[in-house]
$ cat query.csv   # CSV, N, CA and C atoms
chain,number,residue,atom,x,y,z
P,1,GLN,N,13.2,30.7,19.9
P,1,GLN,CA,11.9,30.2,19.7
P,1,GLN,C,11.5,30.2,18.2
P,2,VAL,N,11.1,29.1,17.7
P,2,VAL,CA,10.7,28.9,16.3
P,2,VAL,C,9.2,29.1,16.1
P,3,GLN,N,8.8,29.8,15.2
P,3,GLN,CA,7.4,30.0,14.8
P,3,GLN,C,7.1,29.5,13.4
P,4,LEU,N,6.1,28.6,13.3
P,4,LEU,CA,5.7,28.1,12.0
P,4,LEU,C,4.2,28.4,11.8
P,5,VAL,N,3.9,29.0,10.7
P,5,VAL,CA,2.5,29.5,10.4
P,5,VAL,C,2.1,28.9,9.1
P,6,GLU,N,1.1,28.0,9.1
P,6,GLU,CA,0.6,27.4,7.9
P,6,GLU,C,-0.5,28.2,7.3
P,7,SER,N,-0.7,28.1,6.0
P,7,SER,CA,-1.8,28.7,5.3
P,7,SER,C,-2.1,28.0,4.1
P,8,GLY,N,-3.3,28.2,3.5
P,8,GLY,CA,-3.6,27.6,2.2
P,8,GLY,C,-4.7,26.5,2.3
P,9,GLY,N,-5.1,26.1,3.5
P,9,GLY,CA,-6.1,25.1,3.6
P,9,GLY,C,-7.5,25.6,3.1
P,10,GLY,N,-8.4,24.6,3.0
P,10,GLY,CA,-9.7,25.0,2.6
P,10,GLY,C,-10.6,23.8,2.2
P,11,LEU,N,-11.7,24.1,1.5
P,11,LEU,CA,-12.6,23.1,1.1
P,11,LEU,C,-12.4,23.0,-0.5
P,12,VAL,N,-12.3,21.8,-0.9
P,12,VAL,CA,-12.1,21.5,-2.3
P,12,VAL,C,-12.8,20.2,-2.7
P,13,GLN,N,-13.2,20.2,-4.0
P,13,GLN,CA,-13.9,18.9,-4.4
P,13,GLN,C,-12.8,17.9,-4.8
P,14,ALA,N,-13.2,16.7,-4.7
P,14,ALA,CA,-12.3,15.6,-5.1
P,14,ALA,C,-11.8,15.8,-6.5
P,15,GLY,N,-10.5,15.6,-6.7
P,15,GLY,CA,-9.8,15.8,-7.9
P,15,GLY,C,-9.2,17.2,-8.0
P,16,GLY,N,-9.5,18.0,-7.1
P,16,GLY,CA,-9.0,19.4,-7.1
P,16,GLY,C,-7.6,19.5,-6.5
P,17,SER,N,-7.1,20.8,-6.4
P,17,SER,CA,-5.8,21.0,-5.9
P,17,SER,C,-5.8,22.1,-4.9
P,18,LEU,N,-4.8,22.0,-4.0
P,18,LEU,CA,-4.5,23.1,-3.0
P,18,LEU,C,-3.0,23.2,-2.9
P,19,ARG,N,-2.6,24.4,-2.5
P,19,ARG,CA,-1.2,24.5,-2.1
P,19,ARG,C,-1.1,25.1,-0.7
P,20,LEU,N,-0.4,24.4,0.1
P,20,LEU,CA,-0.2,24.8,1.5
P,20,LEU,C,1.1,25.5,1.6
P,21,SER,N,1.2,26.5,2.5
P,21,SER,CA,2.5,27.2,2.7
P,21,SER,C,2.7,27.2,4.2
P,22,CYS,N,4.0,27.2,4.6
P,22,CYS,CA,4.4,27.3,6.0
P,22,CYS,C,5.5,28.3,6.1
P,23,ALA,N,5.3,29.4,6.7
P,23,ALA,CA,6.3,30.4,6.9
P,23,ALA,C,7.0,30.2,8.2
P,24,ALA,N,8.3,30.2,8.2
P,24,ALA,CA,9.1,30.0,9.5
P,24,ALA,C,9.8,31.2,9.9
P,25,SER,N,10.0,31.3,11.2
P,25,SER,CA,10.9,32.4,11.7
P,25,SER,C,11.5,31.9,13.0
P,26,GLY,N,12.6,32.5,13.4
P,26,GLY,CA,13.2,32.3,14.7
P,26,GLY,C,14.4,31.3,14.7
P,27,ARG,N,14.7,30.7,13.6
P,27,ARG,CA,15.9,29.8,13.5
P,27,ARG,C,16.4,29.9,12.1
P,28,THR,N,17.6,29.4,11.9
P,28,THR,CA,18.2,29.4,10.6
P,28,THR,C,17.4,28.4,9.8
P,29,PHE,N,16.4,28.8,9.1
P,29,PHE,CA,15.5,27.9,8.4
P,29,PHE,C,16.2,27.0,7.4
P,30,SER,N,17.2,27.5,6.7
P,30,SER,CA,17.8,26.8,5.6
P,30,SER,C,18.7,25.6,6.2
P,31,SER,N,18.9,25.6,7.5
P,31,SER,CA,19.8,24.5,8.0
P,31,SER,C,19.0,23.3,8.5
P,32,TYR,N,17.7,23.3,8.4
P,32,TYR,CA,16.8,22.2,8.9
P,32,TYR,C,15.9,21.7,7.9
P,33,ALA,N,15.7,20.3,8.0
P,33,ALA,CA,14.7,19.7,7.2
P,33,ALA,C,13.3,20.1,7.7
P,34,MET,N,12.4,20.1,6.8
P,34,MET,CA,11.0,20.4,7.1
P,34,MET,C,10.1,19.3,6.7
P,35,GLY,N,9.0,19.1,7.4
P,35,GLY,CA,8.0,18.1,7.1
P,35,GLY,C,6.6,18.6,7.2
P,36,TRP,N,5.8,17.8,6.5
P,36,TRP,CA,4.3,18.0,6.6
P,36,TRP,C,3.7,16.7,7.1
P,37,PHE,N,2.8,16.9,8.1
P,37,PHE,CA,2.1,15.8,8.7
P,37,PHE,C,0.6,16.1,8.6
P,38,ARG,N,-0.3,15.1,8.8
P,38,ARG,CA,-1.7,15.4,8.9
P,38,ARG,C,-2.4,14.5,9.9
P,39,GLN,N,-3.5,15.0,10.4
P,39,GLN,CA,-4.2,14.3,11.4
P,39,GLN,C,-5.7,14.4,11.1
P,40,ALA,N,-6.3,13.3,10.9
P,40,ALA,CA,-7.8,13.2,10.7
P,40,ALA,C,-8.5,12.9,12.0
P,41,PRO,N,-9.7,13.3,12.1
P,41,PRO,CA,-10.5,13.0,13.4
P,41,PRO,C,-10.4,11.6,13.8
P,42,GLY,N,-10.0,11.3,15.1
P,42,GLY,CA,-10.0,10.0,15.6
P,42,GLY,C,-8.8,9.2,15.2
P,43,LYS,N,-7.8,9.8,14.5
P,43,LYS,CA,-6.6,9.1,14.0
P,43,LYS,C,-5.4,9.8,14.5
P,44,GLU,N,-4.3,9.0,14.5
P,44,GLU,CA,-3.0,9.6,14.9
P,44,GLU,C,-2.4,10.5,13.8
P,45,ARG,N,-1.6,11.4,14.2
P,45,ARG,CA,-0.9,12.2,13.3
P,45,ARG,C,0.0,11.3,12.4
P,46,GLU,N,0.0,11.6,11.1
P,46,GLU,CA,0.8,10.7,10.2
P,46,GLU,C,1.6,11.6,9.3
P,47,PHE,N,2.7,11.0,8.9
P,47,PHE,CA,3.7,11.6,8.0
P,47,PHE,C,3.1,11.8,6.6
P,48,VAL,N,3.3,12.9,5.9
P,48,VAL,CA,2.9,13.2,4.6
P,48,VAL,C,4.1,13.3,3.6
P,49,ALA,N,5.0,14.3,4.0
P,49,ALA,CA,6.1,14.5,3.1
P,49,ALA,C,7.2,15.3,3.9
P,50,ALA,N,8.4,15.2,3.4
P,50,ALA,CA,9.5,16.0,4.0
P,50,ALA,C,10.5,16.3,3.0
P,51,VAL,N,11.2,17.4,3.3
P,51,VAL,CA,12.3,17.9,2.4
P,51,VAL,C,13.5,18.2,3.2
P,52,ASN,N,14.7,17.8,2.7
P,52,ASN,CA,15.9,18.1,3.5
P,52,ASN,C,16.3,19.6,3.5
P,53,TRP,N,17.4,19.9,4.2
P,53,TRP,CA,17.7,21.3,4.4
P,53,TRP,C,17.9,22.1,3.1
P,54,SER,N,18.5,21.4,2.1
P,54,SER,CA,18.8,22.1,0.8
P,54,SER,C,17.7,22.1,-0.2
P,55,GLY,N,16.7,21.2,0.0
P,55,GLY,CA,15.7,21.0,-1.0
P,55,GLY,C,16.0,20.0,-2.0
P,56,GLY,N,17.2,19.4,-1.9
P,56,GLY,CA,17.6,18.4,-2.9
P,56,GLY,C,17.1,17.0,-2.7
P,57,GLY,N,16.5,16.8,-1.5
P,57,GLY,CA,16.0,15.4,-1.2
P,57,GLY,C,14.6,15.5,-0.6
P,58,THR,N,13.8,14.6,-1.0
P,58,THR,CA,12.4,14.6,-0.5
P,58,THR,C,12.0,13.2,-0.2
P,59,LYS,N,10.9,13.0,0.6
P,59,LYS,CA,10.4,11.7,0.9
P,59,LYS,C,8.8,11.9,1.1
P,60,TYR,N,8.1,10.9,0.6
P,60,TYR,CA,6.6,11.0,0.7
P,60,TYR,C,6.0,9.7,1.2
P,61,ALA,N,4.9,9.9,1.9
P,61,ALA,CA,4.1,8.7,2.2
P,61,ALA,C,3.6,8.1,1.0
P,62,ASP,N,3.4,6.8,1.0
P,62,ASP,CA,2.9,6.1,-0.2
P,62,ASP,C,1.5,6.6,-0.6
P,63,SER,N,0.7,7.0,0.3
P,63,SER,CA,-0.6,7.4,0.0
P,63,SER,C,-0.7,8.7,-0.8
P,64,VAL,N,0.4,9.5,-0.8
P,64,VAL,CA,0.4,10.7,-1.5
P,64,VAL,C,1.4,10.8,-2.6
P,65,LYS,N,2.2,9.8,-2.8
P,65,LYS,CA,3.2,9.8,-3.8
P,65,LYS,C,2.6,9.9,-5.2
P,66,GLY,N,3.2,10.8,-5.9
P,66,GLY,CA,2.7,11.1,-7.3
P,66,GLY,C,1.6,12.1,-7.3
P,67,ARG,N,1.0,12.5,-6.2
P,67,ARG,CA,0.0,13.5,-6.2
P,67,ARG,C,0.4,14.8,-5.4
P,68,PHE,N,1.3,14.6,-4.4
P,68,PHE,CA,1.7,15.8,-3.6
P,68,PHE,C,3.2,16.1,-3.9
P,69,THR,N,3.5,17.3,-3.9
P,69,THR,CA,4.9,17.7,-4.0
P,69,THR,C,5.3,18.7,-3.0
P,70,ILE,N,6.4,18.4,-2.2
P,70,ILE,CA,6.9,19.3,-1.2
P,70,ILE,C,8.1,20.1,-1.8
P,71,SER,N,8.2,21.3,-1.5
P,71,SER,CA,9.3,22.2,-1.9
P,71,SER,C,9.6,23.2,-0.9
P,72,ARG,N,10.7,23.9,-1.0
P,72,ARG,CA,11.0,25.0,-0.1
P,72,ARG,C,11.8,26.1,-0.8
P,73,ASP,N,11.6,27.3,-0.2
P,73,ASP,CA,12.3,28.5,-0.7
P,73,ASP,C,13.0,29.0,0.5
P,74,ASN,N,14.3,28.8,0.6
P,74,ASN,CA,15.1,29.2,1.7
P,74,ASN,C,15.2,30.7,1.8
P,75,ALA,N,15.1,31.4,0.7
P,75,ALA,CA,15.2,32.8,0.7
P,75,ALA,C,14.0,33.4,1.3
P,76,LYS,N,12.9,32.7,1.3
P,76,LYS,CA,11.6,33.2,1.8
P,76,LYS,C,11.3,32.5,3.1
P,77,ASN,N,12.1,31.6,3.6
P,77,ASN,CA,11.9,30.8,4.8
P,77,ASN,C,10.5,30.2,4.8
P,78,THR,N,10.2,29.6,3.7
P,78,THR,CA,8.9,29.0,3.5
P,78,THR,C,9.0,27.6,2.8
P,79,VAL,N,8.1,26.7,3.3
P,79,VAL,CA,8.0,25.4,2.7
P,79,VAL,C,6.6,25.2,2.2
P,80,TYR,N,6.5,24.5,1.1
P,80,TYR,CA,5.2,24.4,0.4
P,80,TYR,C,4.8,22.9,0.3
P,81,LEU,N,3.5,22.7,0.2
P,81,LEU,CA,3.0,21.4,-0.2
P,81,LEU,C,1.9,21.6,-1.2
P,82,GLN,N,2.3,21.2,-2.5
P,82,GLN,CA,1.3,21.2,-3.6
P,82,GLN,C,0.6,19.9,-3.6
P,83,MET,N,-0.7,20.0,-3.5
P,83,MET,CA,-1.6,18.8,-3.4
P,83,MET,C,-2.5,18.8,-4.6
P,84,ASN,N,-2.3,17.8,-5.4
P,84,ASN,CA,-3.2,17.6,-6.6
P,84,ASN,C,-4.0,16.3,-6.5
P,85,SER,N,-5.0,16.2,-7.4
P,85,SER,CA,-5.8,15.0,-7.4
P,85,SER,C,-6.3,14.6,-6.0
P,86,LEU,N,-6.8,15.6,-5.3
P,86,LEU,CA,-7.2,15.3,-3.9
P,86,LEU,C,-8.3,14.3,-3.8
P,87,LYS,N,-8.3,13.6,-2.7
P,87,LYS,CA,-9.3,12.6,-2.5
P,87,LYS,C,-10.0,12.9,-1.1
P,88,PRO,N,-11.2,12.4,-0.9
P,88,PRO,CA,-11.8,12.6,0.4
P,88,PRO,C,-11.0,12.1,1.6
P,89,GLU,N,-10.2,11.1,1.4
P,89,GLU,CA,-9.4,10.5,2.5
P,89,GLU,C,-8.2,11.4,2.8
P,90,ASP,N,-8.0,12.5,2.0
P,90,ASP,CA,-6.9,13.4,2.3
P,90,ASP,C,-7.4,14.5,3.3
P,91,THR,N,-8.7,14.4,3.7
P,91,THR,CA,-9.3,15.4,4.6
P,91,THR,C,-8.6,15.2,6.0
P,92,ALA,N,-8.1,16.3,6.5
P,92,ALA,CA,-7.3,16.3,7.8
P,92,ALA,C,-6.9,17.7,8.1
P,93,VAL,N,-6.4,17.9,9.3
P,93,VAL,CA,-5.6,19.1,9.6
P,93,VAL,C,-4.2,18.8,9.3
P,94,TYR,N,-3.6,19.7,8.5
P,94,TYR,CA,-2.2,19.6,8.0
P,94,TYR,C,-1.3,20.5,8.8
P,95,TYR,N,-0.2,19.9,9.3
P,95,TYR,CA,0.8,20.6,10.1
P,95,TYR,C,2.1,20.6,9.5
P,96,CYS,N,2.8,21.7,9.5
P,96,CYS,CA,4.2,21.7,9.1
P,96,CYS,C,5.1,21.6,10.4
P,97,ALA,N,6.3,21.1,10.2
P,97,ALA,CA,7.1,20.8,11.4
P,97,ALA,C,8.6,21.0,11.0
P,98,ALA,N,9.4,21.4,11.9
P,98,ALA,CA,10.9,21.6,11.7
P,98,ALA,C,11.6,20.5,12.4
P,99,ASP,N,12.6,19.9,11.7
P,99,ASP,CA,13.4,18.8,12.2
P,99,ASP,C,14.2,19.3,13.4
P,100,ARG,N,14.4,18.5,14.4
P,100,ARG,CA,15.2,18.9,15.6
P,100,ARG,C,16.7,18.9,15.3
P,101,GLN,N,17.2,18.3,14.3
P,101,GLN,CA,18.6,18.2,14.1
P,101,GLN,C,19.0,19.1,12.9
P,102,ARG,N,20.1,19.8,13.0
P,102,ARG,CA,20.6,20.7,12.0
P,102,ARG,C,21.4,20.0,11.0
P,103,GLY,N,21.1,20.3,9.7
P,103,GLY,CA,22.0,19.8,8.6
P,103,GLY,C,22.1,18.3,8.4
P,104,VAL,N,21.1,17.6,8.9
P,104,VAL,CA,21.2,16.1,8.7
P,104,VAL,C,20.8,15.8,7.2
P,105,ILE,N,21.4,14.7,6.8
P,105,ILE,CA,21.1,14.2,5.4
P,105,ILE,C,19.8,13.3,5.4
P,106,VAL,N,19.7,12.5,6.5
P,106,VAL,CA,18.5,11.6,6.6
P,106,VAL,C,17.3,12.4,6.7
P,107,ILE,N,16.2,12.0,6.0
P,107,ILE,CA,14.9,12.7,6.0
P,107,ILE,C,14.0,11.9,7.0
P,108,HIS,N,13.6,12.5,8.1
P,108,HIS,CA,12.9,11.8,9.1
P,108,HIS,C,11.4,11.8,8.8
P,109,THR,N,10.7,10.7,9.2
P,109,THR,CA,9.3,10.6,8.9
P,109,THR,C,8.4,10.4,10.2
P,110,THR,N,9.0,10.4,11.3
P,110,THR,CA,8.3,10.2,12.6
P,110,THR,C,8.2,11.6,13.3
P,111,THR,N,7.1,11.7,14.1
P,111,THR,CA,6.8,13.0,14.7
P,111,THR,C,7.9,13.3,15.8
P,112,VAL,N,8.5,12.3,16.4
P,112,VAL,CA,9.5,12.5,17.5
P,112,VAL,C,10.7,13.2,17.0
P,113,GLU,N,11.0,13.2,15.7
P,113,GLU,CA,12.2,13.8,15.1
P,113,GLU,C,12.0,15.3,14.8
P,114,TYR,N,10.8,15.8,15.0
P,114,TYR,CA,10.5,17.2,14.8
P,114,TYR,C,10.1,17.9,16.1
P,115,ASP,N,10.8,19.0,16.3
P,115,ASP,CA,10.6,19.7,17.6
P,115,ASP,C,9.8,21.0,17.6
P,116,TYR,N,9.5,21.5,16.4
P,116,TYR,CA,8.6,22.7,16.3
P,116,TYR,C,7.5,22.4,15.3
P,117,TRP,N,6.3,22.8,15.7
P,117,TRP,CA,5.1,22.5,14.9
P,117,TRP,C,4.2,23.8,14.7
P,118,GLY,N,3.6,23.9,13.6
P,118,GLY,CA,2.7,25.0,13.4
P,118,GLY,C,1.3,24.6,14.0
P,119,GLN,N,0.4,25.6,13.9
P,119,GLN,CA,-0.9,25.4,14.5
P,119,GLN,C,-1.9,24.5,13.7
P,120,GLY,N,-1.5,24.3,12.4
P,120,GLY,CA,-2.3,23.4,11.5
P,120,GLY,C,-3.3,24.2,10.7
P,121,THR,N,-3.6,23.7,9.5
P,121,THR,CA,-4.6,24.2,8.6
P,121,THR,C,-5.5,23.1,8.1
P,122,GLN,N,-6.8,23.4,8.1
P,122,GLN,CA,-7.8,22.4,7.7
P,122,GLN,C,-7.8,22.2,6.2
P,123,VAL,N,-7.8,21.0,5.8
P,123,VAL,CA,-8.1,20.6,4.4
P,123,VAL,C,-9.2,19.7,4.4
P,124,THR,N,-10.3,20.1,3.6
P,124,THR,CA,-11.5,19.2,3.5
P,124,THR,C,-11.7,19.0,2.0
P,125,VAL,N,-11.8,17.7,1.7
P,125,VAL,CA,-12.1,17.3,0.3
P,125,VAL,C,-13.4,16.6,0.2
P,126,SER,N,-14.3,17.2,-0.5
P,126,SER,CA,-15.7,16.7,-0.6
P,126,SER,C,-15.8,15.7,-1.8
P,127,SER,N,-16.6,14.7,-1.7
P,127,SER,CA,-16.8,13.7,-2.8
P,127,SER,C,-17.8,14.1,-3.8
$ encode --input "query.csv" --output "structure tokens"
Amino acid sequence: QVQLVESGGGLVQAGGSLRLSCAASGRTFSSYAMGWFRQAPGKEREFVAAVNWSGGGTKYADSVKGRFTISRDNAKNTVYLQMNSLKPEDTAVYYCAADRQRGVIVIHTTTVEYDYWGQGTQVTVSS
């Protein structure tokens, strides 16, 4: 059983920054790609960013490219999402997720490719 625990959410003014963390346990963390998704009220869960198993490859949604940075520390079993220049439209519950396939090179961007999810952390950006 894999457990993912997010932290670091909160309330921030537009233009501010937050860093989300996701601590993983229960599986060989370093063998799996990790992703961040978000879900705003009344909307579907959407892809934000993902990093491959080694940390050498990343992918971002166009809406966050240049503002958000995903990284991972395999020694700490933790994945991060650094969010800068936050906008009110970034307001959502942010979820980290673990890819269902071990050691793949392709970075997945759809929810069906991830089989374990954290409980989510709220990010609210005020204007």
$ atom_distance --input "query.csv" --atom1 "atom C of P:Lys43" --atom2 "atom N of P:Gly8"
21.5 Å
$ closest_residue --input "query.csv" --among "P:Thr58, P:Asn74, P:Thr110, P:Thr124" --to "P:Phe37" --atoms "only C-alpha atoms"
P:Thr110
$ select_by_dssp --input "query.csv" --residues "stretch 43-98 of chain P" --states "strand (DSSP E)" --output "CSV table (one decimal) with N, CA and C atoms, keeping the file's coordinate frame"
chain,number,residue,atom,x,y,z
P,46,GLU,N,0.0,11.6,11.1
P,46,GLU,CA,0.8,10.7,10.2
P,46,GLU,C,1.6,11.6,9.3
P,47,PHE,N,2.7,11.0,8.9
P,47,PHE,CA,3.7,11.6,8.0
P,47,PHE,C,3.1,11.8,6.6
P,48,VAL,N,3.3,12.9,5.9
P,48,VAL,CA,2.9,13.2,4.6
P,48,VAL,C,4.1,13.3,3.6
P,49,ALA,N,5.0,14.3,4.0
P,49,ALA,CA,6.1,14.5,3.1
P,49,ALA,C,7.2,15.3,3.9
P,50,ALA,N,8.4,15.2,3.4
P,50,ALA,CA,9.5,16.0,4.0
P,50,ALA,C,10.5,16.3,3.0
P,51,VAL,N,11.2,17.4,3.3
P,51,VAL,CA,12.3,17.9,2.4
P,51,VAL,C,13.5,18.2,3.2
P,58,THR,N,13.8,14.6,-1.0
P,58,THR,CA,12.4,14.6,-0.5
P,58,THR,C,12.0,13.2,-0.2
P,59,LYS,N,10.9,13.0,0.6
P,59,LYS,CA,10.4,11.7,0.9
P,59,LYS,C,8.8,11.9,1.1
P,60,TYR,N,8.1,10.9,0.6
P,60,TYR,CA,6.6,11.0,0.7
P,60,TYR,C,6.0,9.7,1.2
P,68,PHE,N,1.3,14.6,-4.4
P,68,PHE,CA,1.7,15.8,-3.6
P,68,PHE,C,3.2,16.1,-3.9
P,69,THR,N,3.5,17.3,-3.9
P,69,THR,CA,4.9,17.7,-4.0
P,69,THR,C,5.3,18.7,-3.0
P,70,ILE,N,6.4,18.4,-2.2
P,70,ILE,CA,6.9,19.3,-1.2
P,70,ILE,C,8.1,20.1,-1.8
P,71,SER,N,8.2,21.3,-1.5
P,71,SER,CA,9.3,22.2,-1.9
P,71,SER,C,9.6,23.2,-0.9
P,72,ARG,N,10.7,23.9,-1.0
P,72,ARG,CA,11.0,25.0,-0.1
P,72,ARG,C,11.8,26.1,-0.8
P,73,ASP,N,11.6,27.3,-0.2
P,73,ASP,CA,12.3,28.5,-0.7
P,73,ASP,C,13.0,29.0,0.5
P,78,THR,N,10.2,29.6,3.7
P,78,THR,CA,8.9,29.0,3.5
P,78,THR,C,9.0,27.6,2.8
P,79,VAL,N,8.1,26.7,3.3
P,79,VAL,CA,8.0,25.4,2.7
P,79,VAL,C,6.6,25.2,2.2
P,80,TYR,N,6.5,24.5,1.1
P,80,TYR,CA,5.2,24.4,0.4
P,80,TYR,C,4.8,22.9,0.3
P,81,LEU,N,3.5,22.7,0.2
P,81,LEU,CA,3.0,21.4,-0.2
P,81,LEU,C,1.9,21.6,-1.2
P,82,GLN,N,2.3,21.2,-2.5
P,82,GLN,CA,1.3,21.2,-3.6
P,82,GLN,C,0.6,19.9,-3.6
P,83,MET,N,-0.7,20.0,-3.5
P,83,MET,CA,-1.6,18.8,-3.4
P,83,MET,C,-2.5,18.8,-4.6
P,92,ALA,N,-8.1,16.3,6.5
P,92,ALA,CA,-7.3,16.3,7.8
P,92,ALA,C,-6.9,17.7,8.1
P,93,VAL,N,-6.4,17.9,9.3
P,93,VAL,CA,-5.6,19.1,9.6
P,93,VAL,C,-4.2,18.8,9.3
P,94,TYR,N,-3.6,19.7,8.5
P,94,TYR,CA,-2.2,19.6,8.0
P,94,TYR,C,-1.3,20.5,8.8
P,95,TYR,N,-0.2,19.9,9.3
P,95,TYR,CA,0.8,20.6,10.1
P,95,TYR,C,2.1,20.6,9.5
P,96,CYS,N,2.8,21.7,9.5
P,96,CYS,CA,4.2,21.7,9.1
P,96,CYS,C,5.1,21.6,10.4
P,97,ALA,N,6.3,21.1,10.2
P,97,ALA,CA,7.1,20.8,11.4
P,97,ALA,C,8.6,21.0,11.0
P,98,ALA,N,9.4,21.4,11.9
P,98,ALA,CA,10.9,21.6,11.7
P,98,ALA,C,11.6,20.5,12.4
$ closest_atom_pairs --input "query.csv" --of "stretch 1-55 of chain P" --to "stretch 84-96 of chain P" --cutoff "7 Å" --atoms "only C-alpha atoms" --output "CSV"
residue,atom,partner,partner_atom,distance
P:Glu6,CA,P:Cys96,CA,6.8
P:Ala14,CA,P:Lys87,CA,5.0
P:Gly15,CA,P:Ser85,CA,4.1
P:Gly16,CA,P:Ser85,CA,5.4
P:Ser17,CA,P:Asn84,CA,4.3
P:Leu18,CA,P:Asn84,CA,6.7
P:Cys22,CA,P:Cys96,CA,6.4
P:Gly35,CA,P:Cys96,CA,5.6
P:Trp36,CA,P:Cys96,CA,4.5
P:Phe37,CA,P:Tyr95,CA,5.2
P:Arg38,CA,P:Tyr94,CA,4.3
P:Gln39,CA,P:Ala92,CA,5.2
P:Ala40,CA,P:Ala92,CA,4.3
$ closest_residue --input "query.csv" --among "P:Asn77, P:Gln1, P:Ser63, P:Ser7" --to "P:Ser30" --atoms "all atoms listed in the file"
P:Asn77
$ atom_distance --input "query.csv" --atom1 "atom CA of P:Ala75" --atom2 "atom CA of P:Val104"
19.5 Å
$ atom_distance --input "query.csv" --atom1 "atom CA of P:Gly57" --atom2 "atom CA of P:Phe29"
15.8 Å
$ closest_residue --input "query.csv" --among "P:Ala49, P:Val64, P:Ile70, P:Leu11" --to "P:Gln82" --atoms "only N, CA and C atoms"
P:Ile70
$ closest_residue --input "query.csv" --among "P:Tyr32, P:Leu4, P:Ser25, P:Glu44" --to "P:Arg102" --atoms "all atoms listed in the file"
P:Tyr32
$ residues_near_point --input "query.csv" --point "(2.8, 10.3, 11.5)" --cutoff "6 Å" --atoms "all atoms listed in the file" --output "PyMOL selection string"
chain P and resi 44-47+109-111
$ select_by_dssp --input "query.csv" --residues "chain P" --states "helix (DSSP H, G or I)" --output "list of chain:residue names"
P:Phe29, P:Ser30, P:Ser31, P:Pro88, P:Glu89, P:Asp90, P:Thr111, P:Val112, P:Glu113
$ residues_around --input "query.csv" --residues "P:Ile105" --least-positions-apart "2" --cutoff "7 Å" --atoms "all atoms listed in the file" --output "PyMOL selection string"
chain P and resi 52-53+102-103+107-108
$ closest_residue --input "query.csv" --among "P:Gly66, P:Val48, P:Ser71, P:Val2" --to "P:Ala24" --atoms "all atoms listed in the file"
P:Val2
$ closest_residue --input "query.csv" --among "P:Leu20, P:Val106, P:Val5, P:Val12" --to "P:Ala33" --atoms "only C-alpha atoms"
P:Val106
